[in-house]
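Here's the structure, in C-alpha cells; my notes come after.
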Amino acid sequence: MNEGKSVSFISVIGGFVFGLLIALIGGYFVFALYVGGQRARKTRSWVETPCLIVKSEVTERRPTPNSPMQYLAAVEYEYTFRGTARRGKRIKRVEGATSHRQRAEQKLADFPVGSSAICWVDSDAPQEVILRHDSMAPLYTIWFPGLFVVGGAGIAVRALMGIRG
C-alpha cells in the first residue's frame, strides 16, 4: 500500500511540474508578443513629418563565403524636425535582409529617389525615424499562447487536486 501512495505522489508532482512548465512557456510567448505589440503601437504616436527620398537601392552581401547572397533594401531620406535637418535610413523599426532580391525591391517600390514621403519621428529622440509602422499582429495573436498559460495552469491545479484523492 505504501508503494501505491508514493507512485501517486510522484505522478501528482510530475503533473504539477508539467502543467507549470507549459504555463511558463506560454507566459514567455505572451510576454514577447505583448512587448512586440507595444513597440509597434509606440511608433503610431510619433510625429508625422514630410521627407524626401535621396537614396533607394538594393544592396547585396554574402556574410560568409558559403552562405547565399542576402539583399537589403537601403533607403535614405532627409527630413526637418524642430528646425533641424536630419537624415534617416530605416523603413521599419527593425530591418532585415532577405535571400530574395524581389522582396527587397518590393520594399523600395514606394520610395523612388526624388519622391516625397511621410516619415514618423520620435519626438523624444528625433534621430529615431521610420517610413512604415510595424504590424500590430503580435497583439492580435496573443490569445494563442494564452491558451497554453490557461491549459498549463489547469493541468497544474488538477494535479494538485489529486493529492486530496
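Order determines the names: the first chain of the C-alpha cells is A, the second B, and so forth; residues in each chain are numbered 1 upward, and ligands are numbered 1 upward as they are shown.
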Any idea what's packed within 12 Å of segment 101-118 of chain A, counting only C-alpha atoms, ignoring anything in its chain fewer than 4 positions away? Could you give it as a tab-separated table (two decimals) with N, CA and C atoms, in the first residue's frame?
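Output contents, as saved in part.tsv:
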chain	number	residue	atom	x	y	z
A	46	TRP	N	4.26	58.70	-32.87
A	46	TRP	CA	5.34	59.57	-33.34
A	46	TRP	C	4.78	60.65	-34.27
A	47	VAL	N	5.53	61.69	-34.48
A	47	VAL	CA	5.09	62.85	-35.25
A	47	VAL	C	5.25	62.58	-36.75
A	48	GLU	N	4.16	62.78	-37.48
A	48	GLU	CA	4.18	62.63	-38.93
A	48	GLU	C	4.92	63.81	-39.53
A	49	THR	N	5.93	63.51	-40.36
A	49	THR	CA	6.80	64.55	-40.92
A	49	THR	C	7.07	64.27	-42.39
A	50	PRO	N	7.01	65.30	-43.25
A	50	PRO	CA	7.35	65.07	-44.66
A	50	PRO	C	8.86	64.82	-44.82
A	51	CYS	N	9.20	63.99	-45.78
A	51	CYS	CA	10.61	63.71	-46.05
A	51	CYS	C	10.82	63.53	-47.54
A	52	LEU	N	12.08	63.60	-47.95
A	52	LEU	CA	12.46	63.48	-49.36
A	52	LEU	C	13.42	62.30	-49.48
A	53	ILE	N	13.09	61.37	-50.38
A	53	ILE	CA	13.93	60.19	-50.59
A	53	ILE	C	15.15	60.60	-51.41
A	54	VAL	N	16.35	60.33	-50.88
A	54	VAL	CA	17.58	60.71	-51.58
A	54	VAL	C	18.38	59.48	-52.02
A	55	LYS	N	18.04	58.33	-51.51
A	55	LYS	CA	18.72	57.10	-51.93
A	55	LYS	C	17.73	55.95	-51.79
A	56	SER	N	17.72	55.08	-52.80
A	56	SER	CA	16.83	53.92	-52.79
A	56	SER	C	17.45	52.84	-53.65
A	57	GLU	N	18.05	51.85	-53.00
A	57	GLU	CA	18.74	50.81	-53.76
A	57	GLU	C	18.77	49.51	-52.96
A	58	VAL	N	18.98	48.44	-53.69
A	58	VAL	CA	19.13	47.13	-53.06
A	58	VAL	C	20.63	46.86	-52.94
A	59	THR	N	21.07	46.59	-51.73
A	59	THR	CA	22.48	46.25	-51.52
A	59	THR	C	22.60	44.74	-51.35
A	60	GLU	N	23.71	44.21	-51.78
A	60	GLU	CA	23.97	42.76	-51.69
A	60	GLU	C	25.11	42.52	-50.72
A	61	ARG	N	24.99	41.38	-50.03
A	61	ARG	CA	26.10	40.97	-49.17
A	61	ARG	C	26.07	39.46	-49.02
A	68	PRO	N	24.23	31.95	-48.83
A	68	PRO	CA	23.58	32.54	-50.01
A	68	PRO	C	23.66	34.06	-49.97
A	69	MET	N	23.51	34.67	-51.10
A	69	MET	CA	23.52	36.12	-51.20
A	69	MET	C	22.33	36.67	-50.42
A	70	GLN	N	22.54	37.76	-49.72
A	70	GLN	CA	21.47	38.43	-48.99
A	70	GLN	C	21.27	39.82	-49.59
A	71	TYR	N	20.02	40.25	-49.63
A	71	TYR	CA	19.67	41.53	-50.22
A	71	TYR	C	18.98	42.40	-49.17
A	72	LEU	N	19.38	43.66	-49.12
A	72	LEU	CA	18.84	44.58	-48.15
A	72	LEU	C	18.31	45.82	-48.86
A	73	ALA	N	17.10	46.21	-48.53
A	73	ALA	CA	16.52	47.43	-49.07
A	73	ALA	C	17.15	48.62	-48.34
A	74	ALA	N	18.00	49.36	-49.05
A	74	ALA	CA	18.69	50.51	-48.45
A	74	ALA	C	18.04	51.79	-48.94
A	75	VAL	N	17.55	52.56	-47.99
A	75	VAL	CA	16.89	53.82	-48.33
A	75	VAL	C	17.45	54.90	-47.40
A	76	GLU	N	17.56	56.10	-47.94
A	76	GLU	CA	17.94	57.27	-47.13
A	76	GLU	C	17.00	58.40	-47.49
A	77	TYR	N	16.65	59.18	-46.49
A	77	TYR	CA	15.73	60.28	-46.72
A	77	TYR	C	16.09	61.43	-45.79
A	78	GLU	N	15.76	62.62	-46.25
A	78	GLU	CA	16.02	63.84	-45.49
A	78	GLU	C	14.70	64.35	-44.94
A	79	TYR	N	14.75	64.84	-43.72
A	79	TYR	CA	13.57	65.42	-43.10
A	79	TYR	C	14.02	66.54	-42.15
A	80	THR	N	13.12	67.43	-41.86
A	80	THR	CA	13.41	68.52	-40.93
A	80	THR	C	12.48	68.36	-39.74
A	88	GLY	N	17.42	60.03	-42.31
A	88	GLY	CA	17.00	58.73	-41.80
A	88	GLY	C	17.36	57.62	-42.77
A	89	LYS	N	17.42	56.39	-42.24
A	89	LYS	CA	17.81	55.26	-43.08
A	89	LYS	C	16.93	54.02	-42.90
A	90	ARG	N	15.90	54.11	-42.09
A	90	ARG	CA	15.11	52.91	-41.82
A	90	ARG	C	13.72	53.00	-42.43
A	91	ILE	N	13.30	51.88	-43.01
A	91	ILE	CA	11.92	51.80	-43.49
A	91	ILE	C	11.03	51.47	-42.29
A	92	LYS	N	11.38	50.39	-41.59
A	92	LYS	CA	10.66	49.99	-40.38
A	92	LYS	C	11.61	50.05	-39.20
A	95	GLU	N	14.89	46.23	-39.29
A	95	GLU	CA	15.16	45.88	-40.68
A	95	GLU	C	15.91	44.56	-40.74
A	96	GLY	N	15.74	43.86	-41.83
A	96	GLY	CA	16.45	42.61	-42.01
A	96	GLY	C	16.66	42.30	-43.48
A	97	ALA	N	17.70	41.56	-43.75
A	97	ALA	CA	18.00	41.16	-45.13
A	97	ALA	C	17.13	39.97	-45.52
A	129	VAL	N	13.54	57.47	-36.56
A	129	VAL	CA	12.58	57.81	-37.61
A	129	VAL	C	12.33	56.57	-38.47
A	130	ILE	N	11.11	56.43	-38.95
A	130	ILE	CA	10.74	55.29	-39.80
A	130	ILE	C	9.83	55.77	-40.93
A	131	LEU	N	9.78	54.98	-42.00
A	131	LEU	CA	8.87	55.27	-43.10
A	131	LEU	C	7.57	54.47	-43.02
A	132	ARG	N	7.62	53.33	-42.35
A	132	ARG	CA	6.43	52.47	-42.19
A	132	ARG	C	6.35	51.96	-40.76
A	133	HIS	N	5.13	51.83	-40.30
A	133	HIS	CA	4.89	51.26	-38.96
A	133	HIS	C	5.00	49.74	-38.99
message: Going by DSSP on the backbone, which residues of chain A come out as strand (DSSP E)? List them as a ChimeraX atom specification.
response: /A:47-61,70-81,84-88,116-121,129-130
